[in-house]
Protein chains: 2
Amino acid sequence: MQIRDLGEFGLIERLNGMVTQGRRGPDNGAAHGFRLLVDTGDDTAAWAAAPATELFTTDTVVEGIHFTRETTPWQDLGWKSLASNISDIAAMGGLPLYALITLGLPPETEVSDIEDLYRGMLEIGEEYGVSIIGGDIVGSPVAFITVALTGVRSGPPMLRSSAQIGDQVAVTGYVGSSGGGLRLMLEGSEVPGESAVYLRNAHRRPWPAVAEGQTLSRAGVLTAMDVSDGLSDDLSKLCLASGVAARIFSGNVPMHPYLRQVFPDNCLDLALNGGEDYLLLFTASEEVMQKVIPALPDGAGVLGEICSGDPGQITLVGADGHETAMGRAGWDHFSQGCAR
Amino acid sequence: MQIRDLGEFGLIERLNGMVTQGRRGPDNGAAHGFRLLVDTGDDTAAWAAAPATELFTTDTVVEGIHFTRETTPWQDLGWKSLASNISDIAAMGGLPLYALITLGLPPETEVSDIEDLYRGMLEIGEEYGVSIIGGDIVGSPVAFITVALTGVRSGPPMLRSSAQIGDQVAVTGYVGSSGGGLRLMLEGSEVPGESAVYLRNAHRRPWPAVAEGQTLSRAGVLTAMDVSDGLSDDLSKLCLASGVAARIFSGNVPMHPYLRQVFPDNCLDLALNGGEDYLLLFTASEEVMQKVIPALPDGAGVLGEICSGDPGQITLVGADGHETAMGRAGWDHFSQGCAR
């Protein structure tokens, strides 16, 4: 059945039912004194707020530009479109809370595909305590998904603008795996099962670093952002916002053994420019780093340092000490090319 | 200059500058103890919340489906895309607060058009105390604008699900003017200046009924929603949510003299089915109505009554007492036709 047969209101009713019945995860709001008052189905959703720092972010994916049905099945797309927003909340050290989902859909979209999309959103919502409390569905010649997500935390958020010269730069996991998974799928390469499954899952089902964000923030880390556009590009943005430069030591960039194995020649490029890892990139003094890294569930890899220089300039230092200036362009949605 | 020449980051920088420098309106957040902590430019925006009821809504327009550049210039489109969201907050009796703006744009979009769009958003933001505190810009083959907006109020929100049999039904202004303006523009009709200006402005620059929503709520009105899809359709939704039916008396539907003058044969159809009026439709007992209508800045027109019947069924009662069952379909984004 296509959505033009079911109609807008039939579709909304079906999704509202899934959403209200599918909530089984933690209630991050209740833990901070928030209480949902008006759920999905009215003009707006409403909750009773308590004194806390609230966070508010949004992220959009457009078919053919950010995803294809070939590389990301609908259920994974649901997971991923919420994941990228949860990751922005994680980067501030917050807990994700309430989501509004906007779907732009061609009339010939299959109802079962949209139900799969919502299943993926509900799955990650359950893992992270996110409640979908409303949204909007509109007709569109191209499919797109916009998520607006609130979050909450009890102290001041981590920022990207507070990096200090002398800070170490670290990341909370292996970079490049998502980009490696995407490249595998696009190239249709035949590779051994386990590594392909790992890389593909890294692309389709990223796990935002919410617990890591909370640990970092509690340990006194002030500067963080998530790795969404690629390590090099995101570090450049962080440096630009902080008015500093940075050096990355290529030998210290944490890469999963499967990435090295499947892409022996391109793994560093994928790690630096792959994007969509949804790890946390953070900076702190050596003293704070030594305290916080052992407290993280999977540790973190120190891969560089903040230094003086043109704001946003990233320099890659090779194993032989050779220095290469990295581009600062990054992913640009409107130019022909991009840095990755 | 097109946005592919300026690039994503250049465009974001330019719009961030406009947004942070263009705030001169009331600060609805401060009045409720809210304080902005992280403005546009980081992973997420953040504010310090205070105990209050928070509201959260989103609304999207897609080029070619919800607007055309011919009938809605960019600056008016900016005004209007925020207006439809403010109207949802108004319907709950709230004050609008913080907005995130998502733009999906083809690379050949003119930068000056997007600046005009933001000018329109800043204009209405200034009028209503809305701060744009972030967003997302993505490439898209079709232009779309998604606004996510929070709001605040100090008591419980008005709902669409609380209408009671015996309630009167009223609306806070003239219905059909926006639909009349759109039809004028689509038909390219030559009509006398003043009435055309009025109708076109009603379509392009609607004024959401925030003050009215607050007055209604304070006076004890429990049931309201905004007129966005058309009076008949929206009343049907309200009735469906409340499990009741309603009768509309055609002679009591408030229509502006210019609408009657320009569309002598179609004004009732436009008033019932035109849409995008962004007035408030509300129900209350006769006693509450008599108290609240004089308190509204422009009064309100009682046009019908809530009665028992199939939930959502709307009956139109003519001047001669003849009854006509109205359709319950309303605007459907995915079906070929719609009720208006």
# chains A, B, ... in the order shown; residues from 1 in each chain; ligands from 1
$ residues_around --residues "Tyr128 in chain A" --least-positions-apart "2" --cutoff "8 Å" --atoms "only C-alpha atoms" --output "ChimeraX atom specification"
/A:25-26,96,124-126,130
$ write_last_selection --atoms "C-alpha atoms" --output "short mmCIF file (atom, residue, chain, number, x, y, z; two decimals), in the first residue's frame"
data_model
loop_
_atom_site.label_atom_id
_atom_site.label_comp_id
_atom_site.auth_asym_id
_atom_site.auth_seq_id
_atom_site.Cartn_x
_atom_site.Cartn_y
_atom_site.Cartn_z
CA GLY A 25 13.14 3.07 27.22
CA PRO A 26 14.38 5.23 30.10
CA PRO A 96 18.33 13.47 24.65
CA ILE A 124 17.16 3.96 19.07
CA GLY A 125 14.67 6.00 21.09
CA GLU A 126 14.29 3.06 23.44
CA VAL A 130 14.07 9.67 23.48
#
$ closest_atom_pairs --of "chain A" --to "chain B" --cutoff "7 Å" --atoms "only C-alpha atoms" --output "tab-separated table"
residue	atom	partner	partner_atom	distance
A:Ile3	CA	B:Phe334	CA	6.6
A:Arg4	CA	B:Phe334	CA	4.5
A:Gly7	CA	B:Phe334	CA	5.9
A:Glu8	CA	B:Asp332	CA	5.5
A:Asp42	CA	B:Arg160	CA	6.6
A:Asp43	CA	B:Asp88	CA	5.3
A:Thr44	CA	B:Thr57	CA	4.7
A:Ala45	CA	B:Phe56	CA	5.2
A:Ala46	CA	B:Leu55	CA	4.3
A:Trp47	CA	B:Glu54	CA	5.3
A:Ala48	CA	B:Thr53	CA	4.4
A:Ala49	CA	B:Pro51	CA	5.1
A:Ala50	CA	B:Pro51	CA	4.5
A:Pro51	CA	B:Ala50	CA	4.5
A:Ala52	CA	B:Ala49	CA	5.4
A:Thr53	CA	B:Ala48	CA	4.4
A:Glu54	CA	B:Trp47	CA	5.3
A:Leu55	CA	B:Ala46	CA	4.3
A:Phe56	CA	B:Ala45	CA	5.2
A:Thr57	CA	B:Thr44	CA	4.7
A:Thr58	CA	B:Gly135	CA	6.1
A:Asp59	CA	B:Asp136	CA	6.1
A:Val62	CA	B:Ser140	CA	6.5
A:Asp88	CA	B:Asp43	CA	5.3
A:Ile89	CA	B:Thr44	CA	6.6
A:Pro107	CA	B:Phe334	CA	4.9
A:Gly135	CA	B:Thr58	CA	6.1
A:Asp136	CA	B:Asp59	CA	6.0
A:Val138	CA	B:His333	CA	5.9
A:Gly139	CA	B:His333	CA	5.1
A:Ser140	CA	B:Val62	CA	6.5
A:Ala148	CA	B:Ala148	CA	6.5
A:Leu159	CA	B:Asp42	CA	7.0
A:Arg160	CA	B:Asp42	CA	6.6
A:Met225	CA	B:Asp43	CA	6.7
A:Asp332	CA	B:Glu8	CA	5.5
A:His333	CA	B:Gly139	CA	5.0
A:Phe334	CA	B:Arg4	CA	4.6
A:Ser335	CA	B:Arg4	CA	5.0
$ write_last_selection --atoms "C-alpha atoms" --output "JSON list (two decimals), in the first residue's frame"
[["chain", "number", "residue", "atom", "x", "y", "z"],
["A", 3, "ILE", "CA", 0.72, 6.47, 1.33],
["A", 4, "ARG", "CA", -1.51, 8.12, -1.27],
["A", 7, "GLY", "CA", -3.92, 9.19, 3.08],
["A", 8, "GLU", "CA", -2.16, 11.68, 5.33],
["A", 42, "ASP", "CA", -2.44, 18.11, 19.04],
["A", 43, "ASP", "CA", -1.23, 21.44, 17.56],
["A", 44, "THR", "CA", 1.89, 21.28, 19.69],
["A", 45, "ALA", "CA", 3.35, 18.94, 22.26],
["A", 46, "ALA", "CA", 3.83, 20.18, 25.82],
["A", 47, "TRP", "CA", 5.75, 19.29, 28.92],
["A", 48, "ALA", "CA", 6.25, 20.68, 32.40],
["A", 49, "ALA", "CA", 9.83, 21.96, 32.61],
["A", 50, "ALA", "CA", 12.05, 22.05, 35.65],
["A", 51, "PRO", "CA", 15.14, 24.18, 36.31],
["A", 52, "ALA", "CA", 17.84, 22.64, 34.10],
["A", 53, "THR", "CA", 19.87, 23.44, 31.01],
["A", 54, "GLU", "CA", 17.83, 22.55, 27.95],
["A", 55, "LEU", "CA", 19.38, 21.73, 24.58],
["A", 56, "PHE", "CA", 17.78, 22.07, 21.15],
["A", 57, "THR", "CA", 19.10, 20.73, 17.85],
["A", 58, "THR", "CA", 17.93, 19.71, 14.39],
["A", 59, "ASP", "CA", 19.33, 17.68, 11.53],
["A", 62, "VAL", "CA", 17.57, 14.27, 1.92],
["A", 88, "ASP", "CA", 24.68, 16.64, 18.87],
["A", 89, "ILE", "CA", 23.08, 16.45, 22.32],
["A", 107, "PRO", "CA", 2.84, 10.08, -2.67],
["A", 135, "GLY", "CA", 5.88, 16.10, 13.97],
["A", 136, "ASP", "CA", 4.64, 16.96, 10.53],
["A", 138, "VAL", "CA", 4.12, 16.78, 4.01],
["A", 139, "GLY", "CA", 4.09, 15.80, 0.36],
["A", 140, "SER", "CA", 7.40, 16.38, -1.42],
["A", 148, "ALA", "CA", 14.14, 18.37, 15.95],
["A", 159, "LEU", "CA", 31.20, 23.91, 23.69],
["A", 160, "ARG", "CA", 33.32, 23.85, 20.56],
["A", 225, "MET", "CA", 31.81, 18.32, 19.37],
["A", 332, "ASP", "CA", 29.81, 21.62, 1.43],
["A", 333, "HIS", "CA", 26.22, 20.88, 0.48],
["A", 334, "PHE", "CA", 26.22, 23.37, -2.36],
["A", 335, "SER", "CA", 29.60, 23.16, -4.03]]
$ closest_residue --among "B:Arg218, B:Arg119, B:Arg69, B:Arg24" --to "Ser131 in chain B" --atoms "only C-alpha atoms"
B:Arg24
$ calpha_fit_and_write --fixed "chain A" --moving "chain B" --output "short mmCIF file (atom, residue, chain, number, x, y, z; two decimals) with C-alpha atoms, in the first residue's frame"
data_model
loop_
_atom_site.label_atom_id
_atom_site.label_comp_id
_atom_site.auth_asym_id
_atom_site.auth_seq_id
_atom_site.Cartn_x
_atom_site.Cartn_y
_atom_site.Cartn_z
CA MET B 1 0.00 0.01 0.00
CA GLN B 2 1.24 3.46 -0.90
CA ILE B 3 0.72 6.47 1.33
CA ARG B 4 -1.51 8.11 -1.28
CA ASP B 5 -3.92 5.19 -0.74
CA LEU B 6 -3.81 5.39 3.05
CA GLY B 7 -3.92 9.21 3.08
CA GLU B 8 -2.16 11.67 5.32
CA PHE B 9 -4.44 11.25 8.30
CA GLY B 10 -4.44 7.47 8.11
CA LEU B 11 -0.65 7.52 8.05
CA ILE B 12 -0.43 9.97 10.95
CA GLU B 13 -2.85 7.86 13.00
CA ARG B 14 -0.83 4.71 12.34
CA LEU B 15 2.49 6.36 13.25
CA ASN B 16 1.03 8.03 16.36
CA GLY B 17 -0.12 4.60 17.52
CA MET B 18 3.35 3.12 16.96
CA VAL B 19 4.99 6.00 18.78
CA THR B 20 2.84 6.04 21.90
CA GLN B 21 2.80 2.25 22.22
CA GLY B 22 6.48 1.81 21.38
CA ARG B 23 7.98 3.67 24.31
CA ARG B 24 9.77 1.38 26.66
CA GLY B 25 13.12 3.08 27.22
CA PRO B 26 14.36 5.21 30.09
CA ASP B 27 12.55 8.50 30.70
CA ASN B 28 15.33 11.07 30.70
CA GLY B 29 12.83 13.83 31.33
CA ALA B 30 11.48 12.37 34.57
CA ALA B 31 15.02 12.06 35.90
CA HIS B 32 15.35 15.84 35.52
CA GLY B 33 11.89 16.73 36.81
CA PHE B 34 10.30 17.06 33.34
CA ARG B 35 6.82 15.65 32.74
CA LEU B 36 5.07 15.17 29.39
CA LEU B 37 1.67 16.93 29.37
CA VAL B 38 0.47 16.82 25.75
CA ASP B 39 1.62 13.94 23.59
CA THR B 40 1.59 13.58 19.81
CA GLY B 41 -1.73 14.49 18.16
CA ASP B 42 -2.45 18.12 19.06
CA ASP B 43 -1.25 21.45 17.59
CA THR B 44 1.88 21.29 19.72
CA ALA B 45 3.34 18.94 22.26
CA ALA B 46 3.80 20.19 25.82
CA TRP B 47 5.72 19.29 28.93
CA ALA B 48 6.23 20.69 32.41
CA ALA B 49 9.80 21.94 32.62
CA ALA B 50 12.02 22.03 35.67
CA PRO B 51 15.11 24.16 36.34
CA ALA B 52 17.82 22.63 34.12
CA THR B 53 19.83 23.43 31.03
CA GLU B 54 17.81 22.55 27.97
CA LEU B 55 19.36 21.74 24.60
CA PHE B 56 17.76 22.06 21.17
CA THR B 57 19.09 20.74 17.87
CA THR B 58 17.92 19.72 14.41
CA ASP B 59 19.30 17.68 11.54
CA THR B 60 17.97 16.75 8.12
CA VAL B 61 18.66 14.04 5.55
CA VAL B 62 17.54 14.26 1.93
CA GLU B 63 17.25 11.23 -0.35
CA GLY B 64 19.91 11.12 -3.03
CA ILE B 65 22.09 13.60 -1.13
CA HIS B 66 22.51 12.17 2.37
CA PHE B 67 21.20 8.67 1.84
CA THR B 68 20.10 6.18 -0.78
CA ARG B 69 17.73 3.28 -0.22
CA GLU B 70 20.48 0.99 -1.51
CA THR B 71 23.07 1.78 1.16
CA THR B 72 20.66 2.53 4.05
CA PRO B 73 17.47 0.46 4.47
CA TRP B 74 14.50 2.40 5.92
CA GLN B 75 14.77 0.94 9.41
CA ASP B 76 18.45 1.84 9.62
CA LEU B 77 17.64 5.26 8.19
CA GLY B 78 15.21 5.81 11.06
CA TRP B 79 17.88 4.81 13.57
CA LYS B 80 20.46 6.99 11.88
CA SER B 81 18.37 10.12 11.43
CA LEU B 82 17.67 10.18 15.15
CA ALA B 83 21.28 9.14 15.93
CA SER B 84 22.78 12.22 14.28
CA ASN B 85 20.62 14.44 16.48
CA ILE B 86 21.27 12.46 19.66
CA SER B 87 24.96 12.83 18.86
CA ASP B 88 24.65 16.63 18.87
CA ILE B 89 23.07 16.45 22.32
CA ALA B 90 25.80 14.04 23.46
CA ALA B 91 28.44 16.53 22.31
CA MET B 92 27.17 19.03 24.88
CA GLY B 93 27.15 16.40 27.64
CA GLY B 94 23.35 16.18 27.64
CA LEU B 95 20.66 13.52 27.67
CA PRO B 96 18.31 13.47 24.66
CA LEU B 97 14.65 14.04 25.53
CA TYR B 98 11.80 14.90 23.12
CA ALA B 99 11.75 14.61 19.32
CA LEU B 100 9.49 15.98 16.58
CA ILE B 101 9.75 14.11 13.28
CA THR B 102 9.07 15.84 9.95
CA LEU B 103 8.68 13.63 6.90
CA GLY B 104 8.64 14.98 3.35
CA LEU B 105 7.37 12.11 1.19
CA PRO B 106 6.40 11.45 -2.42
CA PRO B 107 2.82 10.07 -2.67
CA GLU B 108 4.06 6.75 -4.05
CA THR B 109 6.05 5.99 -0.86
CA GLU B 110 5.20 2.55 0.55
CA VAL B 111 3.46 2.68 3.93
CA SER B 112 5.49 -0.31 5.12
CA ASP B 113 8.72 1.60 4.40
CA ILE B 114 7.62 4.46 6.64
CA GLU B 115 6.62 2.00 9.34
CA ASP B 116 10.12 0.52 9.08
CA LEU B 117 11.56 4.02 9.35
CA TYR B 118 9.61 4.58 12.55
CA ARG B 119 10.62 1.16 13.88
CA GLY B 120 14.25 2.22 13.57
CA MET B 121 13.52 5.50 15.33
CA LEU B 122 11.68 3.71 18.13
CA GLU B 123 14.56 1.25 18.54
CA ILE B 124 17.15 3.96 19.08
CA GLY B 125 14.64 5.99 21.10
CA GLU B 126 14.26 3.04 23.45
CA GLU B 127 18.04 2.71 23.80
CA TYR B 128 18.57 6.38 24.57
CA GLY B 129 15.35 7.44 26.30
CA VAL B 130 14.05 9.66 23.49
CA SER B 131 10.27 10.13 23.14
CA ILE B 132 8.81 11.08 19.77
CA ILE B 133 6.05 13.51 20.73
CA GLY B 134 4.84 14.87 17.39
CA GLY B 135 5.87 16.10 13.99
CA ASP B 136 4.61 16.96 10.54
CA ILE B 137 4.09 14.99 7.34
CA VAL B 138 4.10 16.79 4.02
CA GLY B 139 4.07 15.82 0.38
CA SER B 140 7.38 16.40 -1.41
CA PRO B 141 8.84 15.34 -4.76
CA VAL B 142 11.96 14.16 -2.86
CA ALA B 143 11.95 12.24 0.44
CA PHE B 144 13.49 14.05 3.40
CA ILE B 145 13.51 13.56 7.16
CA THR B 146 14.01 16.38 9.64
CA VAL B 147 14.36 15.64 13.34
CA ALA B 148 14.12 18.38 15.97
CA LEU B 149 15.35 17.13 19.33
CA THR B 150 15.55 18.63 22.79
CA GLY B 151 17.92 17.51 25.50
CA VAL B 152 18.65 18.27 29.11
CA ARG B 153 21.62 18.49 31.43
CA SER B 154 22.20 19.78 34.89
CA GLY B 155 25.37 21.82 34.37
CA PRO B 156 26.77 24.10 31.67
CA PRO B 157 27.18 22.40 28.27
CA MET B 158 30.49 21.59 26.61
CA LEU B 159 31.20 23.92 23.69
CA ARG B 160 33.32 23.85 20.56
CA SER B 161 34.63 27.36 21.20
CA SER B 162 36.69 26.81 24.36
CA ALA B 163 39.78 24.91 23.13
CA GLN B 164 43.08 26.25 24.55
CA ILE B 165 46.55 26.21 23.03
CA GLY B 166 48.37 23.29 24.62
CA ASP B 167 45.21 21.13 24.96
CA GLN B 168 45.43 17.55 23.80
CA VAL B 169 42.92 16.41 21.16
CA ALA B 170 41.19 13.05 21.57
CA VAL B 171 38.33 11.04 20.11
CA THR B 172 36.10 8.49 21.90
CA GLY B 173 36.54 5.55 19.51
CA TYR B 174 37.67 4.40 16.07
CA VAL B 175 37.22 6.92 13.27
CA GLY B 176 36.58 6.08 9.62
CA SER B 177 34.55 2.91 10.09
CA SER B 178 31.30 4.49 8.86
CA GLY B 179 33.00 5.94 5.80
CA GLY B 180 34.63 2.56 5.16
CA GLY B 181 31.25 0.84 5.35
CA LEU B 182 29.73 3.30 2.89
CA ARG B 183 32.62 2.90 0.46
CA LEU B 184 32.32 -0.90 0.64
CA MET B 185 28.65 -0.70 -0.26
CA LEU B 186 29.12 1.86 -3.03
CA GLU B 187 31.93 -0.16 -4.60
CA GLY B 188 30.08 -3.46 -4.10
CA SER B 189 33.40 -5.00 -3.03
CA GLU B 190 33.54 -8.63 -1.99
CA VAL B 191 35.29 -8.75 1.37
CA PRO B 192 35.40 -11.32 4.17
CA GLY B 193 32.15 -11.49 6.16
CA GLU B 194 32.96 -10.24 9.63
CA SER B 195 34.84 -7.10 8.64
CA ALA B 196 32.19 -6.16 6.07
CA VAL B 197 29.44 -6.61 8.65
CA TYR B 198 31.33 -4.45 11.15
CA LEU B 199 31.95 -1.64 8.65
CA ARG B 200 28.44 -1.70 7.22
CA ASN B 201 26.92 -1.61 10.70
CA ALA B 202 29.17 1.28 11.65
CA HIS B 203 27.62 3.19 8.75
CA ARG B 204 24.02 2.10 9.25
CA ARG B 205 23.68 1.88 13.02
CA PRO B 206 25.97 4.39 14.71
CA TRP B 207 25.80 4.59 18.52
CA PRO B 208 25.93 8.21 19.69
CA ALA B 209 28.27 8.78 22.62
CA VAL B 210 25.79 9.99 25.23
CA ALA B 211 27.38 8.20 28.20
CA GLU B 212 30.80 9.37 27.04
CA GLY B 213 29.59 12.97 26.83
CA GLN B 214 28.34 12.83 30.38
CA THR B 215 31.60 11.33 31.63
CA LEU B 216 33.68 13.94 29.81
CA SER B 217 31.64 16.80 31.13
CA ARG B 218 31.68 15.53 34.71
CA ALA B 219 35.46 15.13 34.55
CA GLY B 220 35.86 18.81 33.65
CA VAL B 221 36.21 18.61 29.86
CA LEU B 222 34.94 21.94 28.48
CA THR B 223 35.42 21.49 24.73
CA ALA B 224 33.71 18.87 22.60
CA MET B 225 31.80 18.31 19.37
CA ASP B 226 30.66 15.23 17.53
CA VAL B 227 32.39 13.77 14.48
CA SER B 228 29.74 13.99 11.79
CA ASP B 229 31.40 15.58 8.75
CA GLY B 230 34.79 13.92 9.24
CA LEU B 231 37.54 14.13 11.88
CA SER B 232 39.69 16.64 10.02
CA ASP B 233 36.79 18.85 9.03
CA ASP B 234 35.14 18.77 12.45
CA LEU B 235 38.43 19.49 14.23
CA SER B 236 38.89 22.42 11.87
CA LYS B 237 35.45 23.77 12.83
CA LEU B 238 36.24 23.34 16.52
CA CYS B 239 39.52 25.20 16.05
CA LEU B 240 37.87 27.95 14.03
CA ALA B 241 35.27 28.47 16.77
CA SER B 242 38.06 28.57 19.37
CA GLY B 243 40.41 30.78 17.35
CA VAL B 244 43.22 28.21 17.36
CA ALA B 245 44.90 25.64 15.08
CA ALA B 246 45.68 21.94 15.61
CA ARG B 247 48.13 19.22 14.67
CA ILE B 248 47.06 15.61 14.10
CA PHE B 249 49.71 12.85 14.45
CA SER B 250 48.85 10.33 11.75
CA GLY B 251 50.26 7.40 13.73
CA ASN B 252 47.90 8.14 16.62
CA VAL B 253 44.61 8.29 14.71
CA PRO B 254 42.54 5.41 16.17
CA MET B 255 41.40 3.05 13.40
CA HIS B 256 39.65 -0.28 13.80
CA PRO B 257 41.71 -3.31 12.68
CA TYR B 258 38.95 -4.18 10.17
CA LEU B 259 39.27 -0.76 8.55
CA ARG B 260 43.04 -1.20 8.21
CA GLN B 261 42.52 -4.73 6.87
CA VAL B 262 39.88 -3.90 4.25
CA PHE B 263 41.37 -0.55 3.21
CA PRO B 264 45.14 -0.90 3.76
CA ASP B 265 45.91 2.02 1.43
CA ASN B 266 42.98 4.33 2.22
CA CYS B 267 42.31 3.81 5.91
CA LEU B 268 43.94 7.07 7.03
CA ASP B 269 42.03 9.03 4.41
CA LEU B 270 38.79 7.39 5.55
CA ALA B 271 39.65 8.04 9.21
CA LEU B 272 40.38 11.72 8.59
CA ASN B 273 37.67 12.46 6.06
CA GLY B 274 35.07 9.68 6.24
CA GLY B 275 32.38 11.34 8.36
CA GLU B 276 29.27 10.05 10.17
CA ASP B 277 31.26 8.38 12.95
CA TYR B 278 29.19 10.13 15.67
CA LEU B 279 32.02 9.83 18.16
CA LEU B 280 33.00 12.73 20.38
CA LEU B 281 36.02 14.84 19.54
CA PHE B 282 37.25 16.72 22.60
CA THR B 283 40.16 18.72 23.91
CA ALA B 284 41.53 19.10 27.42
CA SER B 285 44.77 19.66 29.29
CA GLU B 286 47.06 16.64 29.68
CA GLU B 287 46.09 16.49 33.34
CA VAL B 288 42.35 16.27 32.63
CA MET B 289 43.00 13.79 29.79
CA GLN B 290 44.89 11.43 32.08
CA LYS B 291 41.99 11.51 34.50
CA VAL B 292 39.12 11.19 32.03
CA ILE B 293 40.35 8.60 29.52
CA PRO B 294 40.35 5.69 31.99
CA ALA B 295 36.83 6.70 33.06
CA LEU B 296 35.42 6.32 29.53
CA PRO B 297 33.74 2.97 28.73
CA ASP B 298 36.00 2.34 25.72
CA GLY B 299 38.77 4.81 26.50
CA ALA B 300 39.81 7.44 23.97
CA GLY B 301 42.71 8.01 21.62
CA VAL B 302 44.83 11.15 21.95
CA LEU B 303 45.61 11.99 18.33
CA GLY B 304 46.83 15.56 18.34
CA GLU B 305 47.26 18.89 20.03
CA ILE B 306 45.85 22.40 19.90
CA CYS B 307 48.44 24.97 18.82
CA SER B 308 48.65 28.56 17.67
CA GLY B 309 48.19 29.31 13.98
CA ASP B 310 45.57 30.39 11.49
CA PRO B 311 42.22 29.66 13.20
CA GLY B 312 40.87 26.38 11.89
CA GLN B 313 44.14 25.29 10.25
CA ILE B 314 44.81 21.56 10.67
CA THR B 315 48.28 20.13 10.07
CA LEU B 316 48.84 16.41 9.63
CA VAL B 317 52.17 15.19 11.06
CA GLY B 318 53.39 11.95 9.45
CA ALA B 319 55.34 9.16 11.12
CA ASP B 320 58.51 10.67 9.64
CA GLY B 321 57.69 14.12 11.03
CA HIS B 322 56.67 15.45 7.62
CA GLU B 323 53.90 18.06 7.94
CA THR B 324 50.97 18.42 5.51
CA ALA B 325 48.43 21.24 5.64
CA MET B 326 44.89 19.83 5.50
CA GLY B 327 42.10 21.56 3.59
CA ARG B 328 39.60 23.55 5.58
CA ALA B 329 36.66 23.22 3.22
CA GLY B 330 34.97 20.12 4.52
CA TRP B 331 31.65 18.89 3.29
CA ASP B 332 29.83 21.63 1.44
CA HIS B 333 26.24 20.88 0.50
CA PHE B 334 26.23 23.37 -2.34
CA SER B 335 29.62 23.20 -4.00
CA GLN B 336 30.44 20.53 -6.55
CA GLY B 337 33.22 18.95 -4.53
CA CYS B 338 33.97 18.34 -0.91
CA ALA B 339 37.05 17.67 1.15
CA ARG B 340 36.33 14.04 1.79
#
$ select_by_dssp --residues "range 72-290 of chain A" --states "alpha helix (DSSP H)" --output "PyMOL selection string"
chain A and resi 74-91+111-128+177-187+193-204+210-218+231-242+257-262+267-273+286-290
$ select_by_dssp --residues "range 51-261 of chain A" --states "strand (DSSP E)" --output "PyMOL selection string"
chain A and resi 52-62+95-105+131-139+144-153+168-171+223-226+245-249
